[in-house]
2 protein chains.
Amino acid sequence: MLAHWDQMVVMPPRGASARAHQLATLEGLAHSLAGAPEVGEWIEELGEAELSEVDRDLVRIAKRDWERARRVPSELAAERAEAGAAGQEAWVRAREQDDFASFLPALRRNIELARAVGQCVADGACSAYDALLSDYDYGLSTDHLRMLFGELGSRLPPIFAGAPQDHSTALHVPLDVQRQAVKGLLRRLGVERSSWRVDVSAHPFTAWMSPQDTRLTTRYEQDGLESLLSALHEYGHGLYERQIDAALHRTSLGEGTSMSMHESQSKLWENHVARSVPFAELIAAELADAGCAFTPQRVRSQLVRLTRSPIRVSADPVTYPLHIVLRFDLELALIAGELPAEELPAAWREGMRRLLGVEVSNDRIGCLQDVHWGAGSFGYFPSYALGCLIAAQLWEALERDLGSREQDLRRGELTSIQRWLAQHVHVHGRRLDTLALVEQATGEPLDVEPFMRYALALAKDGASPAP
Amino acid sequence: MLAHWDQMVVMPPRGASARAHQLATLEGLAHSLAGAPEVGEWIEELGEAELSEVDRDLVRIAKRDWERARRVPSELAAERAEAGAAGQEAWVRAREQDDFASFLPALRRNIELARAVGQCVADGACSAYDALLSDYDYGLSTDHLRMLFGELGSRLPPIFAGAPQDHSTALHVPLDVQRQAVKGLLRRLGVERSSWRVDVSAHPFTAWMSPQDTRLTTRYEQDGLESLLSALHEYGHGLYERQIDAALHRTSLGEGTSMSMHESQSKLWENHVARSVPFAELIAAELADAGCAFTPQRVRSQLVRLTRSPIRVSADPVTYPLHIVLRFDLELALIAGELPAEELPAAWREGMRRLLGVEVSNDRIGCLQDVHWGAGSFGYFPSYALGCLIAAQLWEALERDLGSREQDLRRGELTSIQRWLAQHVHVHGRRLDTLALVEQATGEPLDVEPFMRYALALAKDGASPAP
């Protein structure tokens with residue numbers, strides 16, 4: 001994680017090719033240690049020991065990790081890592097030139113290798129895609145996702161069907177003002193220099209070196225408030241890792257439990273805190289302090305406007321999950337061999353028309369917009385939409401437990417939210433998998449209804465012009 | 001190296017305790033891989049293969065590294081690493097409070113463990129100190145050092161015996177001017193952002209992530225030109241690693257060959273470039289550009305004044321090696337068990353009086369000034385003085401080959417020096433050990449005479465007041 005953070009944030013650019021080798025070496029080493037025979041012996045020995053509840057979980061998860069690692073031959077793992085690195089380079093060039101054909105061979109190779117890895121891990125017990133999915137989100141099945149995403153695909157479009165595409169210009173917020181407001185907001189959340197870094201990178205992300213060393217990045221663009229949304233989003237990732245039970249540190253349990261739980265944490269701060277009506281007052285105050293006066297209403301309307309963008313990372317919160325529904329359908333078909341890779345662009349356009357009513361004019365803003373498939377990641381996308389669903393469900397449970405957070409959000413009193421998340425989600429680390437954790441934290445199984453309620457309310461606000 | 005650089009330069013301070021664990025884990029892992037049985041099998045197999053000359057060197061050095069690593073039991077290596085970390089903490093506190101007694105137990109433990117490790121590596125073939133030395137400088141012996149350092153100890157003191165301690169105040173150079181001058185000088189040496197970083201840290205050092213990713217640090221203090229000397233010094237380390245033959249990259253040969261060769265590279269740029277008469281013109285020009293006008297004569301006189309400081313890192317270039325002679329004598333006696341640890345402070349004072357004619361008023365500026373023994377490093381100090389000797393010998397050979405560099409230095413034309421160093425020193429990586437490399441590069445065995453000539457000339461200039 002450090003080697004990656006360093007590359008994205010502080011490394012001199014000409015260090016890149018050596019860094020790729022270094023990362024591959026580290027990955028290979030980690031893979032061979034993770035599946036080493038002696039680990040199996042230790043686990044077997046521990047199976048007969050009297051253990052505390054935490055230690056039993058530790059052994060259970062260690063065993064699961066070990067078994068999954070050893071099913072993938074080291075050569076295949078290395079081949080996949082190399083193809084992913086090469087594919088990422090091919091993707092960068094193809095995207096620059098809007099040339100899908102030049103990307104096709106790398107894409108095919110990535111699909112083949114991901115399928116092969118998925119089959120190894122599945123070991124006949126499930127589909128290759130199920131196995132790939134479980135790399136990011138253990139316990140989720142393709143069928144379950146089909147059901148959840150099917151609901152989103154049929155029930156979300158009518159919500160914004162009437163709304164025209166929003167072509168209004170973004171709020172005029174100079175870079176300096178954005179920077180100062182990001183700093184001010186993060187300070188209210190407890191982000192201070194002795195224990196956090198906040199840097200700039202091309203694609204915002206979060207890295208955690210240890211519970212007291214969290215590193216967010218954001219990105220500043222001329223105008224708009226995306227830098228603030230991004231910072232709050234990344235803060236959610238950072239906070240999750242910081243609030244895991246200290247007893248689990250430096251064990252295999254001492255991490256966020258899955259990609260979708262992680263994304264639920266970032267989405268909670270982005271969608272339910274940053275985009276809330278009362279928090280807009282706080283943002284407006286920070287912007288005013290930095291020399292830019294807007295009414296809270298204008299701030300809020302900027303944050304929730306329905307843009308129906310063809311680009312996932314610029315999507316509004318209502319249409320966002322549909323971008324994922326599309327990618328899920330497509331990658332599932334690619335791995336199953338039901339969609340030939342060369343037909344991806346056409347399938348993409350058809351899907352965007354059907355789900356979002358958006359015409360995609362070229363592949364740069366179509367199937368070449370995301371790095372994931374270029375880098376060889378299949379099964380990762382669903383976590384983005386699951387994160388939206390889980391965040392909405394957690395937020396309803398939190399307000400049921402604590403009462404409406406309106407007053408607290410207005411005053412910037414965020415401790416109660418941080419604490420609730422710690423107790424109900426964060427402390428557990430990997431002791432509970434996604435579905436069990438959601439059910440324990442909210443009292444209900446994972447469900448689309450909370451998000452549908454959120455989306456409906458937001459669409460109403462987002463579609464009405466700012467007062 | 002990245003984890004260390006990160007800690008010193010960009011890590012939020014509260015990440016420190018977890019980072020200590022992480023570094024210990026990495027060290028343990030590296031140690032167990034370095035001495036792994038399968039490495040021995042590969043080496044044995046390769047012993048029977050037809051190999052190119054480079055590959056033969058590769059196998060020879062790999063074998064040596066492997067044999068040295070496996071002689072030290074993992075438990076002992078881990079114990080020593082832990083004691084070193086604890087000792088370093090004890091040292092920080094003891095130094096702050098000038099309380100040697102509180103440091104004594106940690107020091108004793110470090111001595112014991114270093115001796116034990118030395119004995120394992122020596123395996124009866126040499127003394128424990130010889131073995132410790134060879135961790136940093138393979139092929140050097142205690143007897144050889146005794147001879148070289150004996151010369152320095154008897155011939156250097158008369159050079160400055162007559163000179164009074166220099167209590168003049170440092171040249172008034174504001175921090176901003178220093179920063180701009182450091183930037184300007186490094187730019188002349190080819191340090192640019194796409195491939196280098198220049199940061200600030202409490203103790204200047206250099207880290208190299210790969211040949212195209214070199215990271216220097218320096219330190220800015222109110223007034224004086226130490227920040228410039230430091231930057232040039234660290235540049236020398238950085239350049240060494242960048243100019244190693246590309247064919248050796250990512251092999252065990254693709255590194256600087258020893259601590260003393262590394263130090264010779266930094267000392268060459270510090271002593272023979274930065275402190276030269278013509279280069280003072282360049283420095284004066286950079287300072288003038290930054291808004292501070294001094295004559296080259298005043299600049300030079302600042303850079304070579306004989307301070308006879310009790311502190312090693314502030315020592316002038318003439319007395320510097322004597323600080324090392326003292327530490328060598330003492331650590332040799334500590335490891336041999338001939339000097340009880342509790343007698344160190346008294347022995348230190350006596351040595352400083354004898355070698356430098358300096359009275360040491362307390363242990364903070366005496367035997368508690370350096371971190372090395374606290375961190376468990378014994379056998380490291382000699383490389384600092386050897387670096388001075390080798391730098392002087394290389395510089396004489398370089399000027400013999402290329403003619404006087406006076407014109408080039410005055411004009412800031414440094415390519416000929418960089419290239420000579422590449423060809424005669426850097427390209428070889430670890431293919432030649434220190435003594436063989438010095439002899440091949442200069443045509444003579446390692447000798448004190450070049451440094452004595454340098455010191456004599458410098459002392460004459462340094463003792464005369466600036467015009």
# chains A, B, ... in the order shown; residues from 1 in each chain; ligands from 1

call {"tool": "select_by_dssp", "arguments": {"residues": "range 139-224 of chain A", "states": "alpha helix (DSSP H)", "output": "VMD selection string"}}
result
chain A and resid 142 to 155 157 to 160 175 to 188

call {"tool": "write_last_selection", "arguments": {"atoms": "C-alpha atoms", "output": "tab-separated table (two decimals), in the first residue's frame"}}
result
chain	number	residue	atom	x	y	z
A	142	THR	CA	-23.93	-13.75	-8.54
A	143	ASP	CA	-27.58	-14.73	-8.08
A	144	HIS	CA	-28.00	-12.41	-5.13
A	145	LEU	CA	-26.48	-9.54	-7.09
A	146	ARG	CA	-28.68	-10.31	-10.09
A	147	MET	CA	-31.69	-9.95	-7.86
A	148	LEU	CA	-30.58	-6.71	-6.17
A	149	PHE	CA	-29.30	-5.08	-9.34
A	150	GLY	CA	-32.40	-6.22	-11.25
A	151	GLU	CA	-34.48	-4.19	-8.80
A	152	LEU	CA	-32.28	-1.14	-9.28
A	153	GLY	CA	-32.37	-1.54	-13.04
A	154	SER	CA	-36.13	-1.56	-13.19
A	155	ARG	CA	-37.04	0.86	-10.37
A	157	PRO	CA	-34.97	4.76	-14.28
A	158	PRO	CA	-38.58	5.89	-13.76
A	159	ILE	CA	-37.40	8.18	-10.96
A	160	PHE	CA	-35.45	10.44	-13.26
A	175	LEU	CA	-9.28	26.42	-6.44
A	176	ASP	CA	-7.97	28.27	-3.39
A	177	VAL	CA	-11.43	28.43	-1.90
A	178	GLN	CA	-11.95	24.72	-2.52
A	179	ARG	CA	-8.63	23.93	-0.84
A	180	GLN	CA	-9.42	25.98	2.21
A	181	ALA	CA	-12.93	24.54	2.49
A	182	VAL	CA	-11.65	20.96	2.20
A	183	LYS	CA	-9.15	21.69	4.96
A	184	GLY	CA	-11.80	23.29	7.16
A	185	LEU	CA	-14.32	20.46	6.71
A	186	LEU	CA	-11.77	17.73	7.32
A	187	ARG	CA	-10.57	19.52	10.44
A	188	ARG	CA	-14.12	19.35	11.80

call {"tool": "closest_atom_pairs", "arguments": {"of": "chain A", "to": "chain B", "cutoff": "6 Å", "atoms": "only C-alpha atoms", "output": "CSV"}}
result
residue,atom,partner,partner_atom,distance
A:Pro12,CA,B:Ser195,CA,5.0
A:Pro13,CA,B:Ser194,CA,5.3
A:Arg14,CA,B:Ser195,CA,5.3
A:Gly15,CA,B:Asp213,CA,4.8
A:Ser194,CA,B:Pro12,CA,5.0
A:Ser195,CA,B:Pro12,CA,5.0
A:Gln212,CA,B:Gly15,CA,5.2
A:Asp213,CA,B:Gly15,CA,4.9

call {"tool": "write_last_selection", "arguments": {"atoms": "N, CA and C atoms", "output": "PDB file, in the first residue's frame"}}
result
ATOM      1  N   PRO A  12       8.894  10.565  -8.115  1.00  0.00           N
ATOM      2  CA  PRO A  12       9.245  11.203  -9.378  1.00  0.00           C
ATOM      3  C   PRO A  12       8.774  10.298 -10.530  1.00  0.00           C
ATOM      4  N   PRO A  13       8.177  10.895 -11.564  1.00  0.00           N
ATOM      5  CA  PRO A  13       7.529  10.072 -12.607  1.00  0.00           C
ATOM      6  C   PRO A  13       8.441   9.031 -13.261  1.00  0.00           C
ATOM      7  N   ARG A  14       9.738   9.346 -13.383  1.00  0.00           N
ATOM      8  CA  ARG A  14      10.596   8.381 -14.063  1.00  0.00           C
ATOM      9  C   ARG A  14      10.886   7.148 -13.215  1.00  0.00           C
ATOM     10  N   GLY A  15      10.387   7.123 -11.986  1.00  0.00           N
ATOM     11  CA  GLY A  15      10.508   5.915 -11.179  1.00  0.00           C
ATOM     12  C   GLY A  15       9.474   4.854 -11.532  1.00  0.00           C
ATOM     13  N   SER A 194      -0.921  15.309  12.713  1.00  0.00           N
ATOM     14  CA  SER A 194      -0.071  14.351  13.413  1.00  0.00           C
ATOM     15  C   SER A 194      -0.425  12.915  13.045  1.00  0.00           C
ATOM     16  N   SER A 195      -1.565  12.725  12.396  1.00  0.00           N
ATOM     17  CA  SER A 195      -2.035  11.360  12.187  1.00  0.00           C
ATOM     18  C   SER A 195      -2.678  11.134  10.811  1.00  0.00           C
ATOM     19  N   GLN A 212      -2.946   4.836  12.965  1.00  0.00           N
ATOM     20  CA  GLN A 212      -2.681   6.247  13.245  1.00  0.00           C
ATOM     21  C   GLN A 212      -2.034   6.958  12.066  1.00  0.00           C
ATOM     22  N   ASP A 213      -2.073   6.352  10.923  1.00  0.00           N
ATOM     23  CA  ASP A 213      -1.418   6.941   9.751  1.00  0.00           C
ATOM     24  C   ASP A 213      -2.316   6.712   8.526  1.00  0.00           C
TER      25      ASP A 213
END

call {"tool": "residues_around", "arguments": {"residues": "Thr442 in chain A", "least_positions_apart": "2", "cutoff": "8 Å", "atoms": "only C-alpha atoms", "output": "PyMOL selection string"}}
result
chain A and resi 393-394+397-398+438-440+444-445

call {"tool": "residues_around", "arguments": {"residues": "Ile43 in chain B", "least_positions_apart": "6", "cutoff": "9 Å", "atoms": "only C-alpha atoms", "output": "ChimeraX atom specification"}}
result
/B:59-60,62-63
